[in-house]
file coords_17.cif (mmCIF, C-alpha atoms)
data_my_file
loop_
_atom_site.group_PDB
_atom_site.id
_atom_site.type_symbol
_atom_site.label_atom_id
_atom_site.label_comp_id
_atom_site.auth_asym_id
_atom_site.auth_seq_id
_atom_site.Cartn_x
_atom_site.Cartn_y
_atom_site.Cartn_z
ATOM 1 C CA MET A 1 -58.177 -14.591 -66.985
ATOM 2 C CA GLU A 2 -56.543 -17.239 -64.828
ATOM 3 C CA ALA A 3 -54.490 -16.277 -61.807
ATOM 4 C CA PHE A 4 -50.879 -17.312 -61.448
ATOM 5 C CA GLU A 5 -50.769 -20.689 -63.212
ATOM 6 C CA SER A 6 -51.048 -20.840 -67.009
ATOM 7 C CA ASP A 7 -48.376 -19.510 -69.356
ATOM 8 C CA ALA A 8 -50.929 -17.153 -70.882
ATOM 9 C CA THR A 9 -51.523 -15.480 -67.549
ATOM 10 C CA ARG A 10 -48.042 -15.200 -66.098
ATOM 11 C CA GLN A 11 -48.375 -11.456 -66.596
ATOM 12 C CA ILE A 12 -48.739 -9.066 -63.693
ATOM 13 C CA ALA A 13 -49.771 -5.463 -64.230
ATOM 14 C CA VAL A 14 -48.609 -3.090 -61.490
ATOM 15 C CA LEU A 15 -50.279 0.298 -61.095
ATOM 16 C CA GLY A 16 -49.523 2.849 -58.402
ATOM 17 C CA ALA A 17 -52.179 5.116 -56.897
ATOM 18 C CA PRO A 18 -50.381 7.814 -54.859
ATOM 19 C CA ILE A 19 -53.378 9.079 -52.921
ATOM 20 C CA ASP A 20 -53.381 10.090 -49.254
ATOM 21 C CA ILE A 21 -56.285 12.505 -48.878
ATOM 22 C CA GLY A 22 -58.713 9.779 -47.818
ATOM 23 C CA ALA A 23 -56.926 9.302 -44.490
ATOM 24 C CA SER A 24 -56.271 11.618 -41.569
ATOM 25 C CA GLN A 25 -52.499 11.023 -41.667
ATOM 26 C CA ARG A 26 -50.772 12.200 -44.851
ATOM 27 C CA GLY A 27 -47.901 10.257 -46.383
ATOM 28 C CA THR A 28 -49.391 7.182 -48.076
ATOM 29 C CA LEU A 29 -48.836 8.830 -51.449
ATOM 30 C CA MET A 30 -45.240 7.620 -51.039
ATOM 31 C CA GLY A 31 -46.405 4.018 -50.646
ATOM 32 C CA PRO A 32 -46.065 2.929 -54.293
ATOM 33 C CA ALA A 33 -42.479 4.152 -54.480
ATOM 34 C CA ALA A 34 -41.609 2.440 -51.188
ATOM 35 C CA LEU A 35 -43.007 -0.904 -52.371
ATOM 36 C CA ARG A 36 -41.034 -0.682 -55.589
ATOM 37 C CA THR A 37 -37.890 0.292 -53.681
ATOM 38 C CA ALA A 38 -38.405 -2.660 -51.325
ATOM 39 C CA GLY A 39 -38.102 -4.991 -54.318
ATOM 40 C CA LEU A 40 -41.678 -5.918 -55.198
ATOM 41 C CA LEU A 41 -41.157 -6.083 -58.950
ATOM 42 C CA THR A 42 -37.845 -7.921 -58.654
ATOM 43 C CA LEU A 43 -39.395 -10.524 -56.354
ATOM 44 C CA LEU A 44 -42.303 -11.182 -58.726
ATOM 45 C CA GLU A 45 -39.982 -11.425 -61.711
ATOM 46 C CA GLY A 46 -37.902 -13.929 -59.744
ATOM 47 C CA LEU A 47 -41.018 -16.061 -59.379
ATOM 48 C CA GLY A 48 -41.271 -16.268 -63.163
ATOM 49 C CA PHE A 49 -43.848 -13.571 -63.860
ATOM 50 C CA ASP A 50 -43.772 -11.093 -66.699
ATOM 51 C CA VAL A 51 -44.187 -7.917 -64.661
ATOM 52 C CA ARG A 52 -45.301 -4.762 -66.427
ATOM 53 C CA ASP A 53 -45.111 -1.604 -64.369
ATOM 54 C CA HIS A 54 -47.649 0.936 -65.573
ATOM 55 C CA GLY A 55 -46.223 3.616 -63.311
ATOM 56 C CA ASP A 56 -48.364 5.801 -61.078
ATOM 57 C CA LEU A 57 -51.836 6.901 -62.044
ATOM 58 C CA ALA A 58 -52.425 10.637 -62.377
ATOM 59 C CA ILE A 59 -55.751 12.460 -62.366
ATOM 60 C CA GLY A 60 -54.731 15.780 -63.905
ATOM 61 C CA GLU A 61 -56.807 15.120 -67.038
ATOM 62 C CA VAL A 62 -59.855 13.738 -65.190
ATOM 63 C CA ALA A 63 -62.725 16.192 -65.380
ATOM 64 C CA GLU A 64 -64.412 17.353 -62.199
ATOM 65 C CA LEU A 65 -68.101 16.518 -61.861
ATOM 66 C CA ASP A 66 -70.822 18.828 -60.602
ATOM 67 C CA ASP A 67 -72.941 16.492 -58.452
ATOM 68 C CA ALA A 68 -73.823 17.625 -54.945
ATOM 69 C CA ALA A 69 -70.982 16.541 -52.660
ATOM 70 C CA PRO A 70 -72.016 14.758 -49.427
ATOM 71 C CA GLY A 71 -71.724 16.961 -46.379
ATOM 72 C CA ASN A 72 -69.525 14.610 -44.357
ATOM 73 C CA ALA A 73 -67.023 13.206 -46.843
ATOM 74 C CA ARG A 74 -63.684 15.012 -46.724
ATOM 75 C CA HIS A 75 -61.936 15.669 -50.055
ATOM 76 C CA TYR A 76 -64.885 14.112 -51.855
ATOM 77 C CA ARG A 77 -64.286 15.883 -55.160
ATOM 78 C CA GLU A 78 -60.658 14.817 -55.537
ATOM 79 C CA ILE A 79 -61.346 11.266 -54.360
ATOM 80 C CA GLN A 80 -64.140 11.125 -56.931
ATOM 81 C CA ARG A 81 -61.610 11.820 -59.660
ATOM 82 C CA TRP A 82 -59.266 9.137 -58.302
ATOM 83 C CA THR A 83 -62.092 6.604 -58.087
ATOM 84 C CA ARG A 84 -63.209 7.162 -61.655
ATOM 85 C CA ALA A 85 -59.662 6.932 -62.985
ATOM 86 C CA LEU A 86 -58.878 3.806 -60.984
ATOM 87 C CA SER A 87 -62.086 2.060 -61.955
ATOM 88 C CA GLU A 88 -61.434 2.569 -65.652
ATOM 89 C CA SER A 89 -57.770 1.554 -65.307
ATOM 90 C CA ALA A 90 -58.638 -1.583 -63.325
ATOM 91 C CA TYR A 91 -61.227 -2.587 -65.899
ATOM 92 C CA GLY A 92 -58.724 -2.164 -68.724
ATOM 93 C CA LEU A 93 -55.993 -4.101 -66.958
ATOM 94 C CA ALA A 94 -58.377 -6.953 -66.162
ATOM 95 C CA ARG A 95 -59.459 -7.168 -69.794
ATOM 96 C CA SER A 96 -55.806 -7.402 -70.858
ATOM 97 C CA GLY A 97 -55.539 -10.812 -69.183
ATOM 98 C CA ALA A 98 -52.925 -9.730 -66.643
ATOM 99 C CA THR A 99 -53.281 -10.033 -62.885
ATOM 100 C CA PRO A 100 -53.498 -6.445 -61.580
ATOM 101 C CA ILE A 101 -51.722 -5.263 -58.440
ATOM 102 C CA PHE A 102 -52.710 -1.805 -57.213
ATOM 103 C CA LEU A 103 -50.168 -0.033 -55.014
ATOM 104 C CA GLY A 104 -51.464 2.530 -52.531
ATOM 105 C CA GLY A 105 -52.022 4.992 -51.353
ATOM 106 C CA ASP A 106 -54.853 4.943 -48.805
ATOM 107 C CA HIS A 107 -57.765 2.527 -48.861
ATOM 108 C CA THR A 108 -60.013 4.797 -50.924
ATOM 109 C CA LEU A 109 -58.220 3.373 -53.953
ATOM 110 C CA SER A 110 -60.265 0.180 -53.489
ATOM 111 C CA MET A 111 -63.413 2.073 -54.409
ATOM 112 C CA GLY A 112 -62.018 2.288 -57.925
ATOM 113 C CA SER A 113 -59.916 -0.864 -58.205
ATOM 114 C CA VAL A 114 -62.622 -3.223 -56.959
ATOM 115 C CA ASN A 115 -65.354 -1.557 -59.017
ATOM 116 C CA GLY A 116 -63.300 -2.008 -62.179
ATOM 117 C CA MET A 117 -62.523 -5.634 -61.375
ATOM 118 C CA ALA A 118 -66.153 -6.389 -60.458
ATOM 119 C CA ARG A 119 -67.311 -4.837 -63.709
ATOM 120 C CA HIS A 120 -64.927 -7.065 -65.678
ATOM 121 C CA TRP A 121 -65.956 -10.261 -63.905
ATOM 122 C CA ARG A 122 -69.652 -9.407 -64.159
ATOM 123 C CA GLU A 123 -69.259 -9.151 -67.926
ATOM 124 C CA SER A 124 -67.450 -12.510 -67.822
ATOM 125 C CA GLY A 125 -70.332 -14.118 -65.957
ATOM 126 C CA ARG A 126 -68.445 -14.524 -62.681
ATOM 127 C CA GLU A 127 -68.979 -13.132 -59.182
ATOM 128 C CA LEU A 128 -66.176 -11.117 -57.600
ATOM 129 C CA PHE A 129 -65.610 -11.690 -53.893
ATOM 130 C CA VAL A 130 -63.448 -9.360 -51.796
ATOM 131 C CA ILE A 131 -61.365 -10.464 -48.816
ATOM 132 C CA TRP A 132 -60.643 -7.349 -46.784
ATOM 133 C CA LEU A 133 -57.466 -7.902 -44.734
ATOM 134 C CA ASP A 134 -57.650 -4.949 -42.379
ATOM 135 C CA ALA A 135 -57.824 -3.829 -38.764
ATOM 136 C CA HIS A 136 -60.841 -1.702 -39.724
ATOM 137 C CA ALA A 137 -64.170 -2.576 -41.303
ATOM 138 C CA ALA A 138 -64.162 0.559 -43.529
ATOM 139 C CA SER A 139 -67.961 0.321 -43.622
ATOM 140 C CA ASN A 140 -68.992 3.810 -42.597
ATOM 141 C CA THR A 141 -71.096 6.079 -44.778
ATOM 142 C CA PRO A 142 -71.295 9.881 -44.786
ATOM 143 C CA ALA A 143 -74.240 9.476 -42.408
ATOM 144 C CA THR A 144 -72.368 7.306 -39.872
ATOM 145 C CA THR A 145 -68.737 8.431 -40.047
ATOM 146 C CA ILE A 146 -67.177 10.179 -37.075
ATOM 147 C CA THR A 147 -64.185 11.646 -38.913
ATOM 148 C CA GLY A 148 -65.443 12.155 -42.464
ATOM 149 C CA ASN A 149 -62.322 10.377 -43.754
ATOM 150 C CA MET A 150 -63.319 8.505 -46.868
ATOM 151 C CA HIS A 151 -60.877 5.609 -46.492
ATOM 152 C CA GLY A 152 -63.279 4.476 -43.770
ATOM 153 C CA MET A 153 -66.138 4.318 -46.298
ATOM 154 C CA SER A 154 -64.473 2.131 -48.926
ATOM 155 C CA ALA A 155 -66.113 -1.201 -48.133
ATOM 156 C CA ALA A 156 -69.531 0.402 -47.691
ATOM 157 C CA PHE A 157 -69.256 2.010 -51.122
ATOM 158 C CA LEU A 158 -68.343 -1.332 -52.710
ATOM 159 C CA CYS A 159 -71.490 -2.894 -51.262
ATOM 160 C CA GLY A 160 -73.693 -0.138 -52.647
ATOM 161 C CA GLU A 161 -74.538 1.612 -49.386
ATOM 162 C CA PRO A 162 -76.272 5.004 -49.758
ATOM 163 C CA GLY A 163 -74.414 8.293 -49.487
ATOM 164 C CA LEU A 164 -71.864 7.971 -52.286
ATOM 165 C CA GLU A 165 -74.176 7.071 -55.173
ATOM 166 C CA TYR A 166 -72.672 9.651 -57.520
ATOM 167 C CA LEU A 167 -69.003 9.010 -56.792
ATOM 168 C CA LEU A 168 -68.498 7.380 -60.211
ATOM 169 C CA GLY A 169 -70.669 9.896 -62.045
ATOM 170 C CA LYS A 170 -72.012 8.285 -65.226
ATOM 171 C CA ASP A 171 -69.285 5.612 -65.218
ATOM 172 C CA LEU A 172 -70.523 2.054 -64.828
ATOM 173 C CA ARG A 173 -70.859 0.919 -61.242
ATOM 174 C CA ALA A 174 -70.627 -2.748 -60.271
ATOM 175 C CA PRO A 175 -71.431 -3.053 -56.558
ATOM 176 C CA ILE A 176 -70.941 -6.399 -54.869
ATOM 177 C CA GLU A 177 -73.562 -8.061 -52.683
ATOM 178 C CA PRO A 178 -72.760 -7.860 -48.942
ATOM 179 C CA ASP A 179 -72.317 -11.638 -48.772
ATOM 180 C CA ARG A 180 -69.381 -11.328 -51.167
ATOM 181 C CA LEU A 181 -67.404 -9.135 -48.748
ATOM 182 C CA GLU A 182 -65.245 -10.961 -46.207
ATOM 183 C CA LEU A 183 -63.824 -8.754 -43.437
ATOM 184 C CA PHE A 184 -60.781 -10.558 -42.003
ATOM 185 C CA GLY A 185 -58.572 -9.563 -39.073
ATOM 186 C CA ILE A 186 -60.912 -6.820 -37.884
ATOM 187 C CA ARG A 187 -60.334 -5.237 -34.465
ATOM 188 C CA SER A 188 -61.762 -1.704 -34.729
ATOM 189 C CA ILE A 189 -65.411 -0.960 -35.606
ATOM 190 C CA ASP A 190 -67.403 2.206 -34.859
ATOM 191 C CA ARG A 191 -70.787 1.831 -33.140
ATOM 192 C CA LEU A 192 -72.995 2.878 -36.059
ATOM 193 C CA GLU A 193 -70.744 0.965 -38.407
ATOM 194 C CA LYS A 194 -71.324 -2.168 -36.318
ATOM 195 C CA ASP A 195 -75.088 -1.696 -36.615
ATOM 196 C CA LEU A 196 -74.824 -1.505 -40.397
ATOM 197 C CA LEU A 197 -72.658 -4.621 -40.613
ATOM 198 C CA ARG A 198 -75.125 -6.525 -38.455
ATOM 199 C CA GLN A 199 -78.070 -5.443 -40.605
ATOM 200 C CA ARG A 200 -76.287 -6.477 -43.823
ATOM 201 C CA ARG A 201 -75.074 -9.745 -42.251
ATOM 202 C CA ILE A 202 -71.563 -9.186 -43.565
ATOM 203 C CA ASN A 203 -69.149 -11.911 -42.542
ATOM 204 C CA ILE A 204 -66.575 -10.657 -40.009
ATOM 205 C CA VAL A 205 -63.544 -12.582 -38.807
ATOM 206 C CA ASP A 206 -62.182 -10.613 -35.879
ATOM 207 C CA MET A 207 -59.036 -11.362 -33.915
ATOM 208 C CA ARG A 208 -61.022 -13.249 -31.276
ATOM 209 C CA ALA A 209 -62.137 -15.698 -33.952
ATOM 210 C CA ILE A 210 -58.575 -16.019 -35.244
ATOM 211 C CA ASP A 211 -57.291 -16.699 -31.732
ATOM 212 C CA GLU A 212 -59.997 -19.287 -31.114
ATOM 213 C CA PHE A 213 -60.108 -21.152 -34.433
ATOM 214 C CA GLY A 214 -56.855 -20.248 -36.210
ATOM 215 C CA VAL A 215 -56.378 -18.613 -39.586
ATOM 216 C CA SER A 216 -56.224 -21.871 -41.552
ATOM 217 C CA VAL A 217 -59.778 -22.888 -40.629
ATOM 218 C CA LEU A 218 -61.182 -19.418 -41.204
ATOM 219 C CA ILE A 219 -59.444 -18.704 -44.503
ATOM 220 C CA ARG A 220 -60.480 -22.146 -45.739
ATOM 221 C CA ARG A 221 -64.121 -21.194 -45.113
ATOM 222 C CA VAL A 222 -63.683 -18.160 -47.355
ATOM 223 C CA ILE A 223 -61.986 -20.203 -50.071
ATOM 224 C CA ASP A 224 -64.656 -22.909 -49.986
ATOM 225 C CA LYS A 225 -67.438 -20.324 -50.214
ATOM 226 C CA VAL A 226 -65.889 -18.634 -53.253
ATOM 227 C CA ARG A 227 -65.142 -21.950 -54.950
ATOM 228 C CA ALA A 228 -68.685 -23.228 -54.384
ATOM 229 C CA ARG A 229 -70.028 -20.239 -56.325
ATOM 230 C CA ASN A 230 -67.372 -20.351 -59.062
ATOM 231 C CA GLY A 231 -66.225 -16.937 -57.914
ATOM 232 C CA VAL A 232 -63.015 -14.929 -58.131
ATOM 233 C CA LEU A 233 -61.201 -13.274 -55.226
ATOM 234 C CA HIS A 234 -59.858 -9.766 -54.969
ATOM 235 C CA VAL A 235 -57.468 -9.358 -52.025
ATOM 236 C CA SER A 236 -57.531 -5.901 -50.456
ATOM 237 C CA PHE A 237 -54.512 -5.933 -48.151
ATOM 238 C CA ASP A 238 -54.235 -3.056 -45.693
ATOM 239 C CA VAL A 239 -50.878 -3.287 -43.954
ATOM 240 C CA ASP A 240 -52.533 -2.477 -40.615
ATOM 241 C CA PHE A 241 -53.949 -6.013 -40.816
ATOM 242 C CA LEU A 242 -50.560 -6.848 -39.285
ATOM 243 C CA ASP A 243 -49.648 -6.210 -35.688
ATOM 244 C CA PRO A 244 -47.948 -2.796 -35.297
ATOM 245 C CA SER A 245 -44.801 -4.524 -34.022
ATOM 246 C CA LEU A 246 -44.408 -5.920 -37.560
ATOM 247 C CA ALA A 247 -45.834 -2.990 -39.495
ATOM 248 C CA PRO A 248 -45.232 0.355 -37.788
ATOM 249 C CA GLY A 249 -45.482 2.279 -41.072
ATOM 250 C CA VAL A 250 -49.221 2.961 -40.973
ATOM 251 C CA GLY A 251 -51.230 5.922 -39.736
ATOM 252 C CA THR A 252 -53.980 3.889 -38.072
ATOM 253 C CA THR A 253 -52.215 1.261 -35.959
ATOM 254 C CA VAL A 254 -54.369 -1.003 -33.782
ATOM 255 C CA PRO A 255 -52.697 -3.416 -31.320
ATOM 256 C CA GLY A 256 -53.282 -7.146 -31.544
ATOM 257 C CA GLY A 257 -53.012 -7.708 -35.276
ATOM 258 C CA ALA A 258 -51.965 -10.714 -37.304
ATOM 259 C CA THR A 259 -48.571 -12.230 -36.619
ATOM 260 C CA TYR A 260 -45.922 -12.741 -39.286
ATOM 261 C CA ARG A 261 -46.688 -16.444 -39.642
ATOM 262 C CA GLU A 262 -50.466 -15.963 -39.562
ATOM 263 C CA ALA A 263 -50.243 -13.432 -42.367
ATOM 264 C CA HIS A 264 -47.989 -15.644 -44.465
ATOM 265 C CA LEU A 265 -50.303 -18.608 -43.975
ATOM 266 C CA VAL A 266 -53.258 -16.542 -45.169
ATOM 267 C CA MET A 267 -51.354 -15.549 -48.302
ATOM 268 C CA GLU A 268 -50.033 -19.060 -48.933
ATOM 269 C CA MET A 269 -53.496 -20.598 -48.695
ATOM 270 C CA LEU A 270 -54.967 -17.940 -50.954
ATOM 271 C CA HIS A 271 -52.272 -18.709 -53.493
ATOM 272 C CA ASP A 272 -52.948 -22.429 -53.288
ATOM 273 C CA SER A 273 -56.654 -21.816 -53.917
ATOM 274 C CA ARG A 274 -55.886 -20.362 -57.372
ATOM 275 C CA LEU A 275 -58.900 -18.115 -56.963
ATOM 276 C CA VAL A 276 -57.147 -14.753 -56.604
ATOM 277 C CA GLY A 277 -57.398 -12.462 -59.606
ATOM 278 C CA SER A 278 -56.233 -9.084 -58.252
ATOM 279 C CA LEU A 279 -54.631 -7.379 -55.267
ATOM 280 C CA ASP A 280 -54.555 -4.022 -53.470
ATOM 281 C CA ILE A 281 -51.708 -3.099 -51.110
ATOM 282 C CA VAL A 282 -52.806 -0.036 -49.159
ATOM 283 C CA GLU A 283 -52.122 2.325 -46.263
ATOM 284 C CA LEU A 284 -48.333 1.969 -46.252
ATOM 285 C CA ASN A 285 -46.950 5.264 -44.970
ATOM 286 C CA PRO A 286 -43.152 5.323 -45.435
ATOM 287 C CA PHE A 287 -42.960 8.547 -43.426
ATOM 288 C CA LEU A 288 -43.945 6.523 -40.338
ATOM 289 C CA ASP A 289 -41.973 3.383 -41.166
ATOM 290 C CA GLU A 290 -38.759 2.154 -39.533
ATOM 291 C CA ARG A 291 -36.054 1.850 -42.187
ATOM 292 C CA GLY A 292 -38.463 0.319 -44.681
ATOM 293 C CA ARG A 293 -39.485 -2.575 -42.430
ATOM 294 C CA THR A 294 -43.198 -2.375 -43.191
ATOM 295 C CA ALA A 295 -42.596 -2.101 -46.937
ATOM 296 C CA ARG A 296 -40.304 -5.145 -46.909
ATOM 297 C CA THR A 297 -42.847 -7.167 -44.940
ATOM 298 C CA ALA A 298 -45.605 -6.232 -47.394
ATOM 299 C CA VAL A 299 -43.381 -7.332 -50.278
ATOM 300 C CA GLU A 300 -42.612 -10.651 -48.569
ATOM 301 C CA LEU A 301 -46.314 -11.312 -48.016
ATOM 302 C CA THR A 302 -47.047 -10.491 -51.639
ATOM 303 C CA GLY A 303 -44.417 -13.061 -52.556
ATOM 304 C CA SER A 304 -46.324 -15.702 -50.585
ATOM 305 C CA LEU A 305 -49.557 -14.734 -52.331
ATOM 306 C CA PHE A 306 -47.873 -15.279 -55.687
ATOM 307 C CA GLY A 307 -46.282 -18.617 -54.875
ATOM 308 C CA GLN A 308 -43.037 -18.042 -53.031
ATOM 309 C CA GLN A 309 -42.378 -20.928 -50.645
ATOM 310 C CA ILE A 310 -39.561 -22.443 -48.643
ATOM 311 C CA THR A 311 -39.939 -25.977 -49.998
ATOM 312 C CA ASP A 312 -41.571 -27.329 -53.139
ATOM 313 C CA ARG A 313 -45.128 -28.042 -52.117
ATOM 314 C CA PRO A 314 -47.720 -29.077 -54.715
ATOM 315 C CA THR A 315 -50.813 -26.985 -55.145
ATOM 316 C CA PRO A 316 -53.893 -28.964 -54.031
ATOM 317 C CA SER A 317 -55.294 -30.944 -56.946
ATOM 318 C CA ASN A 318 -58.835 -29.732 -56.280
ATOM 319 C CA ALA A 319 -57.931 -26.088 -56.767
ATOM 320 C CA ILE A 320 -59.560 -24.198 -59.632
ATOM 321 C CA GLU A 321 -58.557 -21.149 -61.545
ATOM 322 C CA PRO A 322 -60.585 -18.001 -62.243
ATOM 323 C CA GLY A 323 -60.621 -18.800 -65.964
ATOM 324 C CA GLU A 324 -62.026 -22.318 -65.627
#

call {"tool": "encode", "arguments": {"input": "coords_17.cif", "output": "structure tokens"}}
result
Amino acid sequence: MEAFESDATRQIAVLGAPIDIGASQRGTLMGPAALRTAGLLTLLEGLGFDVRDHGDLAIGEVAELDDAAPGNARHYREIQRWTRALSESAYGLARSGATPIFLGGDHTLSMGSVNGMARHWRESGRELFVIWLDAHAASNTPATTITGNMHGMSAAFLCGEPGLEYLLGKDLRAPIEPDRLELFGIRSIDRLEKDLLRQRRINIVDMRAIDEFGVSVLIRRVIDKVRARNGVLHVSFDVDFLDPSLAPGVGTTVPGGATYREAHLVMEMLHDSRLVGSLDIVELNPFLDERGRTARTAVELTGSLFGQQITDRPTPSNAIEPGE
């Protein structure tokens, strides 16, 4: 699979995951519909992609498992069903050759989407890297969490941290090494969570670093690292990565987030890298939004990630594609 460039891979597969039980604030289950209403599919089609909307995932037919649920993971059983369904769907979409976009829904959806993508790329002999655009590190475990909300455990699960070992049941798990997780735009970390991140030596770009060095330098470091290892990037875009003045439609706003231009530059440079193979858009809560402003901004940023630009600007000649 090659992202964005060749005729064979101008297909985008869109899948909604209307889940909101992983967060404390309900309402993100309306996120997929809001992103579609804000024109996501029309924008991507206008960029020349063959967009196939697979609708919203449902878990009514997913069997419930009987493992012992962790004591401090709220709604574990239902999130387990979502994770298993999303992992299998992500794996299938990746194998189809399309570029998957997963519409959330809260950030627990990444437990399934990233696992499925990592499984596909592992079978293809490639490493999957994850750039986590978020105000929060999402690296708690049932043993460290304060709230028990599982959207705050997503990144930890992806890196194979203990506490959620049986979330996928007997389904294949493909954890990523901690050095393949890039936390970007972070400005809220719990104390025990910080200890874990330090022990695992996970790379964190907080807003202080962005203020001091600028997003272009820092995102280039991520791109160069992935390229040096012939890797593929999954972008997990939480809309609270943005400053609340731009994106009020989230349940976990944290002041001091990325500006409009910083966010677009991140997406533009990721597009130019030709390393991106999949995308999550998560934590959009239309119930808290202001006349669809957050949804429209998320759609505009997705456009930049997929090549929308003001002027014709050539992609750097040294860029590679995931299929090369």

call {"tool": "closest_residue", "arguments": {"input": "coords_17.cif", "among": "A:Ala17, A:Ala68, A:Leu40, A:Ala23", "to": "A:Tyr166", "atoms": "all atoms listed in the file"}}
result
A:Ala68

call {"tool": "resolve_selection", "arguments": {"input": "coords_17.cif", "expression": "the PyMOL selection byres ((chain A and resi 209) around 12)", "output": "list in words"}}
result
Leu183, Phe184, Gly185, Ile186, Arg187, Asn203, Ile204, Val205, Asp206, Met207, Arg208, Ile210, Asp211, Glu212, Phe213, Gly214, Val215, Ser216, Val217, Leu218, Ile219 and Ala258 of chain A

call {"tool": "resolve_selection", "arguments": {"input": "coords_17.cif", "expression": "the PyMOL selection byres ((chain A and resi 147) around 10)", "output": "JSON, numbers by chain"}}
result
{"A": [23, 24, 72, 73, 74, 140, 142, 144, 145, 146, 148, 149, 150, 152]}

call {"tool": "resolve_selection", "arguments": {"input": "coords_17.cif", "expression": "the PyMOL selection byres ((chain A and resi 168) around 7)", "output": "PyMOL selection string"}}
result
chain A and resi 80+83-84+166-167+169-171+173

call {"tool": "atom_distance", "arguments": {"input": "coords_17.cif", "atom1": "atom CA of A:Met267", "atom2": "atom CA of A:Asp224"}}
result
15.3 Å

call {"tool": "closest_atom_pairs", "arguments": {"input": "coords_17.cif", "of": "stretch 222-303 of chain A", "to": "stretch 134-137 of chain A", "cutoff": "12 Å", "atoms": "all atoms listed in the file", "output": "JSON lines"}}
result
{"residue": "A:Val235", "atom": "CA", "partner": "A:Asp134", "partner_atom": "CA", "distance": 10.6}
{"residue": "A:Ser236", "atom": "CA", "partner": "A:Asp134", "partner_atom": "CA", "distance": 8.1}
{"residue": "A:Phe237", "atom": "CA", "partner": "A:Asp134", "partner_atom": "CA", "distance": 6.6}
{"residue": "A:Asp238", "atom": "CA", "partner": "A:Asp134", "partner_atom": "CA", "distance": 5.1}
{"residue": "A:Val239", "atom": "CA", "partner": "A:Asp134", "partner_atom": "CA", "distance": 7.1}
{"residue": "A:Asp240", "atom": "CA", "partner": "A:Ala135", "partner_atom": "CA", "distance": 5.8}
{"residue": "A:Phe241", "atom": "CA", "partner": "A:Asp134", "partner_atom": "CA", "distance": 4.2}
{"residue": "A:Leu242", "atom": "CA", "partner": "A:Ala135", "partner_atom": "CA", "distance": 7.9}
{"residue": "A:Asp243", "atom": "CA", "partner": "A:Ala135", "partner_atom": "CA", "distance": 9.1}
{"residue": "A:Pro244", "atom": "CA", "partner": "A:Ala135", "partner_atom": "CA", "distance": 10.5}
{"residue": "A:Val250", "atom": "CA", "partner": "A:Ala135", "partner_atom": "CA", "distance": 11.2}
{"residue": "A:Gly251", "atom": "CA", "partner": "A:Ala135", "partner_atom": "CA", "distance": 11.8}
{"residue": "A:Thr252", "atom": "CA", "partner": "A:Ala135", "partner_atom": "CA", "distance": 8.7}
{"residue": "A:Thr253", "atom": "CA", "partner": "A:Ala135", "partner_atom": "CA", "distance": 8.1}
{"residue": "A:Val254", "atom": "CA", "partner": "A:Ala135", "partner_atom": "CA", "distance": 6.7}
{"residue": "A:Pro255", "atom": "CA", "partner": "A:Ala135", "partner_atom": "CA", "distance": 9.0}
{"residue": "A:Gly256", "atom": "CA", "partner": "A:Ala135", "partner_atom": "CA", "distance": 9.2}
{"residue": "A:Gly257", "atom": "CA", "partner": "A:Ala135", "partner_atom": "CA", "distance": 7.1}
{"residue": "A:Ala258", "atom": "CA", "partner": "A:Ala135", "partner_atom": "CA", "distance": 9.2}
{"residue": "A:Ala263", "atom": "CA", "partner": "A:Asp134", "partner_atom": "CA", "distance": 11.3}
{"residue": "A:Asp280", "atom": "CA", "partner": "A:Asp134", "partner_atom": "CA", "distance": 11.6}
{"residue": "A:Ile281", "atom": "CA", "partner": "A:Asp134", "partner_atom": "CA", "distance": 10.7}
{"residue": "A:Val282", "atom": "CA", "partner": "A:Asp134", "partner_atom": "CA", "distance": 9.7}
{"residue": "A:Glu283", "atom": "CA", "partner": "A:Asp134", "partner_atom": "CA", "distance": 9.9}

call {"tool": "build_atoms", "arguments": {"input": "coords_17.cif", "residues": "stretch 94-99 of chain A", "atoms": "N, CA, C and O atoms", "output": "JSON list (two decimals), keeping the file's coordinate frame"}}
result
[["chain", "number", "residue", "atom", "x", "y", "z"],
["A", 94, "ALA", "N", -57.75, -5.63, -66.27],
["A", 94, "ALA", "CA", -58.38, -6.95, -66.16],
["A", 94, "ALA", "C", -58.67, -7.53, -67.54],
["A", 94, "ALA", "O", -58.44, -8.72, -67.79],
["A", 95, "ARG", "N", -59.15, -6.70, -68.44],
["A", 95, "ARG", "CA", -59.46, -7.17, -69.79],
["A", 95, "ARG", "C", -58.21, -7.57, -70.56],
["A", 95, "ARG", "O", -58.29, -8.36, -71.51],
["A", 96, "SER", "N", -57.05, -7.06, -70.16],
["A", 96, "SER", "CA", -55.81, -7.40, -70.86],
["A", 96, "SER", "C", -55.36, -8.83, -70.57],
["A", 96, "SER", "O", -54.49, -9.36, -71.27],
["A", 97, "GLY", "N", -55.92, -9.45, -69.55],
["A", 97, "GLY", "CA", -55.54, -10.81, -69.18],
["A", 97, "GLY", "C", -54.49, -10.89, -68.11],
["A", 97, "GLY", "O", -54.17, -11.97, -67.61],
["A", 98, "ALA", "N", -53.93, -9.74, -67.71],
["A", 98, "ALA", "CA", -52.92, -9.73, -66.64],
["A", 98, "ALA", "C", -53.60, -9.78, -65.28],
["A", 98, "ALA", "O", -54.80, -9.53, -65.15],
["A", 99, "THR", "N", -52.82, -10.10, -64.27],
["A", 99, "THR", "CA", -53.28, -10.03, -62.88],
["A", 99, "THR", "C", -52.89, -8.67, -62.33],
["A", 99, "THR", "O", -51.70, -8.39, -62.17]]
